[in-house]
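Notes follow once the structure below has been shown.
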Amino acid sequence: MEYLDFELPIKELEDQLDKCQIIGLESDVDVTNTCKKIEKKLEETKRAIYKNLTAWQRVQLSRHPNRPYTLDYINAICGDSFLELFGDRGFKDDKAMIGGLGKIDGQSFMIVGQQKGYNTKTRQYRNFGMANPEGYRKALRLMKMAEKFGIPVVTFIDTPGAYPGLEAEERGQGEAIARNIFEMCRLKVPIICVIVGEGASGGALGIGVGDRVLMMENTWYSVISPESCSSILWKSWEYKEQAAEALKLTSADMKKQKLVDDIIPEPLGGAHYDRETTFKTVQQYITKSFKELKDLSTLQLLEHRMDKYSKMGEFKE
């Protein structure tokens, strides 16, 4: 297990507990009471830390190297029913954007999402979860296929942003994202979006228009990352914590501003502490959202979706 800076007090207590248990095994000394005291203190410390997280600490948790990624959710929720589909039929297959057909609680869905890597080799293979234009065009191709056959769409969002390279701009990165937003607004099937990690910039918006937008507790969703915001406003990354607070990018902030519909709770410590519970919870929220949408007519679905996004950004003084 890897620990973040603010989790070091937890690491120290867990190390103490391990040493205490080893002493008990290797000697005749009864360490039961000591272990119980450490366990109690460990639980109290965890609750104190995770119940009072700052915006920047939640950003750090969303990037935790042990946190489950899109394929982890798909494999856990869909099992063997997932059939991955490839290519945008125009340029090539983008490994940072995955998609395919899968079943969740017996219902078929077209599932699309950004995928990050687990180590140096797979991170390069997945381009760190930053999709090129062909990735967004692949996502749109799959969503239009789902519309043709009346299959609802689920998207998993986890990206530091769309790939900003010269070749991506040459192939129309901005147009590809804009086209996805436009087409998703009028897609004639239910769309459920789940932010499972980082939700940064247009890279997230390219698959982020939905009838239900769900956000996991320790994730963030913003037009810009705290580091980039800090470098623009203060000409330095040192103010990233202040930027994170100012951007109002946490799940609680997003729900308060009515930019997301619901917050998916995570186990104490984050999604990586109890993956099975996390997967079950996400599955339940997807199923619940689909049940709320499945009986709506196409006209009602589109009207509600357009009305929802039209109201965003409106303020009365």
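Residues in the structure tokens are numbered from 1 in each chain, the chains being A, B, ... in the order shown, and ligands are numbered from 1 in the order shown.
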* Fewer than 3 positions away in the same chain doesn't count, so skip those; otherwise give me all residues within 12 Å of Glu276 of chain A, counting only C-alpha atoms, as number ranges by chain. => A: 68, 72-73, 75-77, 266-267, 271-273, 279-283
Could those residues be written to a file, using C-alpha atoms, as an mmCIF file, in the first residue's frame?
```cif
data_model
loop_
_atom_site.group_PDB
_atom_site.id
_atom_site.type_symbol
_atom_site.label_atom_id
_atom_site.label_comp_id
_atom_site.auth_asym_id
_atom_site.auth_seq_id
_atom_site.Cartn_x
_atom_site.Cartn_y
_atom_site.Cartn_z
ATOM 1 C CA PRO A 68 -9.314 1.326 -9.393
ATOM 2 C CA ASP A 72 -11.396 -2.514 -13.060
ATOM 3 C CA TYR A 73 -14.977 -1.279 -12.736
ATOM 4 C CA ASN A 75 -14.500 -6.242 -15.242
ATOM 5 C CA ALA A 76 -15.977 -6.269 -11.731
ATOM 6 C CA ILE A 77 -19.448 -5.079 -12.720
ATOM 7 C CA GLU A 266 -16.564 5.573 -0.932
ATOM 8 C CA PRO A 267 -15.185 3.314 1.816
ATOM 9 C CA ALA A 271 -12.109 3.482 -3.242
ATOM 10 C CA HIS A 272 -8.839 1.513 -3.143
ATOM 11 C CA TYR A 273 -9.269 0.508 0.522
ATOM 12 C CA PHE A 279 -17.690 -1.826 -7.267
ATOM 13 C CA LYS A 280 -20.990 -2.944 -5.718
ATOM 14 C CA THR A 281 -21.908 0.627 -4.785
ATOM 15 C CA VAL A 282 -21.167 1.955 -8.278
ATOM 16 C CA GLN A 283 -23.201 -0.887 -9.796
#
```
* To do: Give me the residues within 7 Å of segment 187-198 of chain A as a PyMOL selection string, counting only C-alpha atoms and dropping any in the same chain fewer than 2 places off.
  => chain A and resi 62-63+147+150-160+183-185+200+208+210-216+219-221+293+298+302
Would you output that residue set with N, CA and C atoms, as a CSV table (one decimal), in the first residue's frame?
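The result, stored in selection_11.csv:
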```
chain,number,residue,atom,x,y,z
A,62,SER,N,-7.9,11.1,-5.6
A,62,SER,CA,-8.4,10.7,-7.0
A,62,SER,C,-7.3,10.2,-7.9
A,63,ARG,N,-6.0,10.6,-7.5
A,63,ARG,CA,-4.9,10.2,-8.3
A,63,ARG,C,-4.1,9.0,-7.7
A,147,GLU,N,-27.3,4.1,-29.9
A,147,GLU,CA,-28.6,4.7,-30.2
A,147,GLU,C,-29.4,4.0,-31.3
A,150,GLY,N,-31.0,1.0,-29.6
A,150,GLY,CA,-31.7,1.3,-28.4
A,150,GLY,C,-31.1,0.8,-27.1
A,151,ILE,N,-29.7,0.9,-27.1
A,151,ILE,CA,-29.0,0.5,-25.9
A,151,ILE,C,-28.5,1.7,-25.1
A,152,PRO,N,-28.8,1.7,-23.8
A,152,PRO,CA,-28.4,2.9,-23.0
A,152,PRO,C,-26.8,2.9,-22.9
A,153,VAL,N,-26.3,4.1,-22.5
A,153,VAL,CA,-24.9,4.3,-22.5
A,153,VAL,C,-24.4,4.6,-21.1
A,154,VAL,N,-23.3,4.1,-20.7
A,154,VAL,CA,-22.6,4.4,-19.4
A,154,VAL,C,-21.2,4.9,-19.8
A,155,THR,N,-20.8,6.0,-19.2
A,155,THR,CA,-19.4,6.5,-19.4
A,155,THR,C,-18.7,6.6,-18.1
A,156,PHE,N,-17.4,6.2,-18.1
A,156,PHE,CA,-16.6,6.3,-16.9
A,156,PHE,C,-15.5,7.3,-17.2
A,157,ILE,N,-15.5,8.4,-16.4
A,157,ILE,CA,-14.6,9.5,-16.6
A,157,ILE,C,-13.4,9.5,-15.6
A,158,ASP,N,-12.2,9.5,-16.2
A,158,ASP,CA,-11.0,9.5,-15.4
A,158,ASP,C,-9.9,9.9,-16.3
A,159,THR,N,-9.7,11.2,-16.4
A,159,THR,CA,-8.6,11.7,-17.3
A,159,THR,C,-8.0,13.1,-16.8
A,160,PRO,N,-6.7,13.3,-16.9
A,160,PRO,CA,-6.1,14.6,-16.6
A,160,PRO,C,-6.4,15.6,-17.7
A,183,GLU,N,-23.4,15.9,-30.0
A,183,GLU,CA,-24.2,14.7,-30.3
A,183,GLU,C,-24.8,14.1,-29.0
A,184,MET,N,-24.0,14.1,-27.9
A,184,MET,CA,-24.5,13.5,-26.7
A,184,MET,C,-25.8,14.3,-26.2
A,185,CYS,N,-25.8,15.6,-26.4
A,185,CYS,CA,-27.0,16.3,-26.0
A,185,CYS,C,-28.3,15.8,-26.6
A,200,ALA,N,-11.1,16.2,-15.7
A,200,ALA,CA,-10.4,17.5,-16.0
A,200,ALA,C,-10.7,18.0,-17.4
A,208,GLY,N,-18.9,13.4,-21.1
A,208,GLY,CA,-19.5,13.8,-19.8
A,208,GLY,C,-20.9,14.3,-19.8
A,210,GLY,N,-24.7,13.8,-19.8
A,210,GLY,CA,-25.6,12.7,-19.5
A,210,GLY,C,-26.9,13.1,-18.8
A,211,ASP,N,-27.8,12.2,-18.8
A,211,ASP,CA,-29.1,12.4,-18.1
A,211,ASP,C,-28.8,12.3,-16.6
A,212,ARG,N,-27.9,11.5,-16.2
A,212,ARG,CA,-27.5,11.4,-14.8
A,212,ARG,C,-26.0,11.4,-14.7
A,213,VAL,N,-25.4,12.4,-14.0
A,213,VAL,CA,-24.0,12.5,-13.8
A,213,VAL,C,-23.7,12.2,-12.4
A,214,LEU,N,-23.0,11.1,-12.1
A,214,LEU,CA,-22.7,10.6,-10.8
A,214,LEU,C,-21.2,10.9,-10.5
A,215,MET,N,-20.9,11.3,-9.3
A,215,MET,CA,-19.5,11.6,-9.0
A,215,MET,C,-19.1,10.9,-7.7
A,216,MET,N,-18.0,10.2,-7.8
A,216,MET,CA,-17.5,9.5,-6.6
A,216,MET,C,-17.0,10.5,-5.6
A,219,THR,N,-13.3,12.4,-5.8
A,219,THR,CA,-12.9,12.7,-7.1
A,219,THR,C,-13.0,14.2,-7.3
A,220,TRP,N,-12.6,14.7,-8.5
A,220,TRP,CA,-12.8,16.2,-8.8
A,220,TRP,C,-13.2,16.4,-10.2
A,221,TYR,N,-13.8,17.5,-10.5
A,221,TYR,CA,-14.4,17.8,-11.8
A,221,TYR,C,-14.2,19.3,-12.0
A,293,LEU,N,-34.7,6.3,-15.5
A,293,LEU,CA,-34.7,6.8,-16.9
A,293,LEU,C,-35.4,6.0,-17.9
A,298,THR,N,-38.6,9.1,-25.6
A,298,THR,CA,-37.4,9.8,-26.2
A,298,THR,C,-37.5,11.3,-26.1
A,302,LEU,N,-34.9,13.7,-24.0
A,302,LEU,CA,-34.2,14.8,-24.6
A,302,LEU,C,-34.5,16.2,-24.0
```
* Asked: Among segment 198-282 of chain A, which residues carry a DSSP assignment of strand (DSSP E), reported as a count of residues only?
  -> 14
What's around segment 79-81 of chain A at 9 Å? Count only C-alpha atoms, leave out sequence neighbours fewer than 5 positions away in its own chain, and write the answer as an mmCIF file with all heavy atoms, in the first residue's frame.
```cif
data_model
loop_
_atom_site.group_PDB
_atom_site.id
_atom_site.type_symbol
_atom_site.label_atom_id
_atom_site.label_comp_id
_atom_site.auth_asym_id
_atom_site.auth_seq_id
_atom_site.Cartn_x
_atom_site.Cartn_y
_atom_site.Cartn_z
ATOM 1 N N ILE A 74 -15.333 -2.070 -14.996
ATOM 2 C CA ILE A 74 -16.022 -2.844 -16.038
ATOM 3 C C ILE A 74 -15.905 -4.344 -15.771
ATOM 4 O O ILE A 74 -16.902 -5.073 -15.822
ATOM 5 C CB ILE A 74 -15.453 -2.494 -17.429
ATOM 6 C CG1 ILE A 74 -15.835 -1.051 -17.803
ATOM 7 C CG2 ILE A 74 -15.977 -3.465 -18.484
ATOM 8 C CD1 ILE A 74 -15.176 -0.542 -19.076
ATOM 9 N N LEU A 101 -19.596 -3.368 -25.391
ATOM 10 C CA LEU A 101 -20.904 -3.790 -24.880
ATOM 11 C C LEU A 101 -20.726 -4.653 -23.635
ATOM 12 O O LEU A 101 -19.827 -5.494 -23.574
ATOM 13 C CB LEU A 101 -21.656 -4.577 -25.948
ATOM 14 C CG LEU A 101 -22.142 -3.782 -27.162
ATOM 15 C CD1 LEU A 101 -22.473 -4.711 -28.315
ATOM 16 C CD2 LEU A 101 -23.361 -2.927 -26.794
ATOM 17 N N GLY A 102 -21.591 -4.432 -22.664
ATOM 18 C CA GLY A 102 -21.546 -5.234 -21.447
ATOM 19 C C GLY A 102 -22.888 -5.244 -20.755
ATOM 20 O O GLY A 102 -23.734 -4.386 -21.023
ATOM 21 N N LYS A 103 -23.088 -6.210 -19.870
ATOM 22 C CA LYS A 103 -24.353 -6.301 -19.128
ATOM 23 C C LYS A 103 -24.148 -5.958 -17.666
ATOM 24 O O LYS A 103 -23.199 -6.420 -17.033
ATOM 25 C CB LYS A 103 -24.946 -7.706 -19.253
ATOM 26 C CG LYS A 103 -25.555 -7.990 -20.621
ATOM 27 C CD LYS A 103 -26.341 -9.289 -20.612
ATOM 28 C CE LYS A 103 -27.043 -9.498 -21.965
ATOM 29 N NZ LYS A 103 -27.868 -10.723 -21.951
ATOM 30 N N ILE A 104 -25.065 -5.140 -17.145
ATOM 31 C CA ILE A 104 -25.074 -4.789 -15.728
ATOM 32 C C ILE A 104 -26.446 -5.165 -15.186
ATOM 33 O O ILE A 104 -27.458 -4.625 -15.638
ATOM 34 C CB ILE A 104 -24.811 -3.278 -15.515
ATOM 35 C CG1 ILE A 104 -23.464 -2.877 -16.127
ATOM 36 C CG2 ILE A 104 -24.857 -2.936 -14.020
ATOM 37 C CD1 ILE A 104 -23.177 -1.394 -16.071
#
```
* From the list A:Lys92, A:Ala204, A:Thr120, A:Asn218, which residue is nearest His64 of chain A when using only C-alpha atoms? -> A:Asn218
* To do: Might you pull out every residue within 12 Å of Ser231 of chain A, with only C-alpha atoms counted and same-chain residues fewer than 5 positions away left off, and present them as a PyMOL selection string?
  => chain A and resi 224-226+236-243
Same residues, N, CA and C atoms, output as a compact mmCIF listing (two decimals), in the first residue's frame:
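Okay, again-v7.txt is ready:
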```txt
# COMPACT_ATOMS: atom_id res chain seq x y z
N ILE A 224 -10.08 23.05 -15.22
CA ILE A 224 -8.63 23.10 -15.18
C ILE A 224 -8.12 22.44 -13.90
N SER A 225 -6.93 21.87 -13.96
CA SER A 225 -6.36 21.25 -12.76
C SER A 225 -5.84 22.32 -11.81
N PRO A 226 -5.75 22.02 -10.52
CA PRO A 226 -5.23 22.99 -9.55
C PRO A 226 -3.81 23.47 -9.90
N SER A 236 3.33 29.88 -10.65
CA SER A 236 4.03 28.84 -9.89
C SER A 236 3.03 27.76 -9.48
N TRP A 237 3.52 26.51 -9.33
CA TRP A 237 2.66 25.41 -8.89
C TRP A 237 2.52 25.37 -7.37
N GLU A 238 3.22 26.23 -6.67
CA GLU A 238 3.23 26.20 -5.21
C GLU A 238 1.87 26.52 -4.59
N TYR A 239 1.00 27.16 -5.35
CA TYR A 239 -0.30 27.59 -4.81
C TYR A 239 -1.44 26.66 -5.23
N LYS A 240 -1.08 25.42 -5.56
CA LYS A 240 -2.09 24.46 -6.04
C LYS A 240 -3.16 24.17 -5.01
N GLU A 241 -2.81 24.21 -3.73
CA GLU A 241 -3.81 23.95 -2.68
C GLU A 241 -4.84 25.08 -2.62
N GLN A 242 -4.37 26.32 -2.73
CA GLN A 242 -5.29 27.46 -2.76
C GLN A 242 -6.17 27.40 -4.00
N ALA A 243 -5.55 27.02 -5.12
CA ALA A 243 -6.30 26.92 -6.38
C ALA A 243 -7.40 25.86 -6.27
```
* Structure fact -> As a check of understanding: the span from atom CA of Tyr285 of chain A to atom CA of Met254 of chain A is 17.4 Å
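Taking atom CA of Thr45 of chain A and atom CA of Gln57 of chain A as the two end points, the separation is 15.7 Å.
Distance annotation: of A:Phe86, A:Val59, A:Arg126, A:Val29, the residue with the minimal separation from Glu227 of chain A is A:Val59; atom set is only C-alpha atoms.
Distance check against Ser251 of chain A using only C-alpha atoms: of A:Lys11, A:Lys37, A:Arg137, A:Arg58, the minimum falls on A:Arg58.
Counting only C-alpha atoms and comparing A:Phe182, A:Met145, A:Phe91, A:Gly161, the residue that lies closest to Gln114 of chain A is A:Gly161.
Residue nearest Tyr136 of chain A within the list A:Cys78, A:Ile207, A:Leu83, A:Leu25: A:Ile207 [criterion: smallest interatomic distance, only C-alpha atoms].
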* **Spatial neighbours of Lys138 of chain A, max dist 8 Å, only C-alpha atoms, sep filter under 5 positions, as a ChimeraX atom specification** => /A:86-89,93-94,97
What would the file look like if the residues just selected were written as a compact mmCIF listing (two decimals), in the first residue's frame with C-alpha atoms?
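So again_33.txt came out as:
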```txt
# COMPACT_ATOMS: atom_id res chain seq x y z
CA PHE A 86 -12.02 -0.93 -31.28
CA GLY A 87 -11.23 1.90 -33.69
CA ASP A 88 -12.83 5.10 -34.90
CA ARG A 89 -13.09 3.87 -38.54
CA ASP A 93 -7.64 2.75 -32.21
CA ASP A 94 -6.94 5.01 -29.22
CA MET A 97 -10.33 5.49 -24.63
```
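Counting only C-alpha atoms and comparing A:Glu245, A:Glu26, A:Asp253, A:Asp18, the residue that lies closest to Ile38 of chain A is A:Asp18.
Take atom CA of Ala131 of chain A and atom CA of Phe82 of chain A: the distance between them is 21.1 Å.
Here the residues within segment 106-151 of chain A that DSSP labels alpha helix (DSSP H) on the basis of the backbone are Thr120, Lys121, Thr122, Arg123, Gln124, Tyr125, Pro133, Glu134, Gly135, Tyr136, Arg137, Lys138, Ala139, Leu140, Arg141, Leu142, Met143, Lys144, Met145, Ala146, Glu147 and Lys148 of chain A.
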Please produce a file of the residues just selected, as a PDB file, in the first residue's frame, where the atoms kept are C-alpha atoms.
```pdb
ATOM      1  CA  THR A 120       5.407   3.007 -16.609  1.00  0.00           C
ATOM      2  CA  LYS A 121       4.849   0.663 -19.561  1.00  0.00           C
ATOM      3  CA  THR A 122       1.038   0.605 -19.403  1.00  0.00           C
ATOM      4  CA  ARG A 123       0.868   4.348 -18.692  1.00  0.00           C
ATOM      5  CA  GLN A 124       2.698   4.997 -21.936  1.00  0.00           C
ATOM      6  CA  TYR A 125       0.492   2.452 -23.715  1.00  0.00           C
ATOM      7  CA  PRO A 133      -9.260  12.936 -31.346  1.00  0.00           C
ATOM      8  CA  GLU A 134      -9.633   9.362 -32.595  1.00  0.00           C
ATOM      9  CA  GLY A 135     -10.487   8.338 -29.025  1.00  0.00           C
ATOM     10  CA  TYR A 136     -13.410  10.753 -28.887  1.00  0.00           C
ATOM     11  CA  ARG A 137     -14.479   9.732 -32.392  1.00  0.00           C
ATOM     12  CA  LYS A 138     -14.393   6.077 -31.325  1.00  0.00           C
ATOM     13  CA  ALA A 139     -16.529   6.964 -28.288  1.00  0.00           C
ATOM     14  CA  LEU A 140     -19.017   8.782 -30.521  1.00  0.00           C
ATOM     15  CA  ARG A 141     -19.127   5.881 -32.998  1.00  0.00           C
ATOM     16  CA  LEU A 142     -20.001   3.487 -30.178  1.00  0.00           C
ATOM     17  CA  MET A 143     -22.626   5.826 -28.718  1.00  0.00           C
ATOM     18  CA  LYS A 144     -24.291   6.262 -32.129  1.00  0.00           C
ATOM     19  CA  MET A 145     -24.273   2.471 -32.501  1.00  0.00           C
ATOM     20  CA  ALA A 146     -25.969   2.196 -29.104  1.00  0.00           C
ATOM     21  CA  GLU A 147     -28.586   4.737 -30.223  1.00  0.00           C
ATOM     22  CA  LYS A 148     -29.265   2.715 -33.376  1.00  0.00           C
TER      23      LYS A 148
END
```
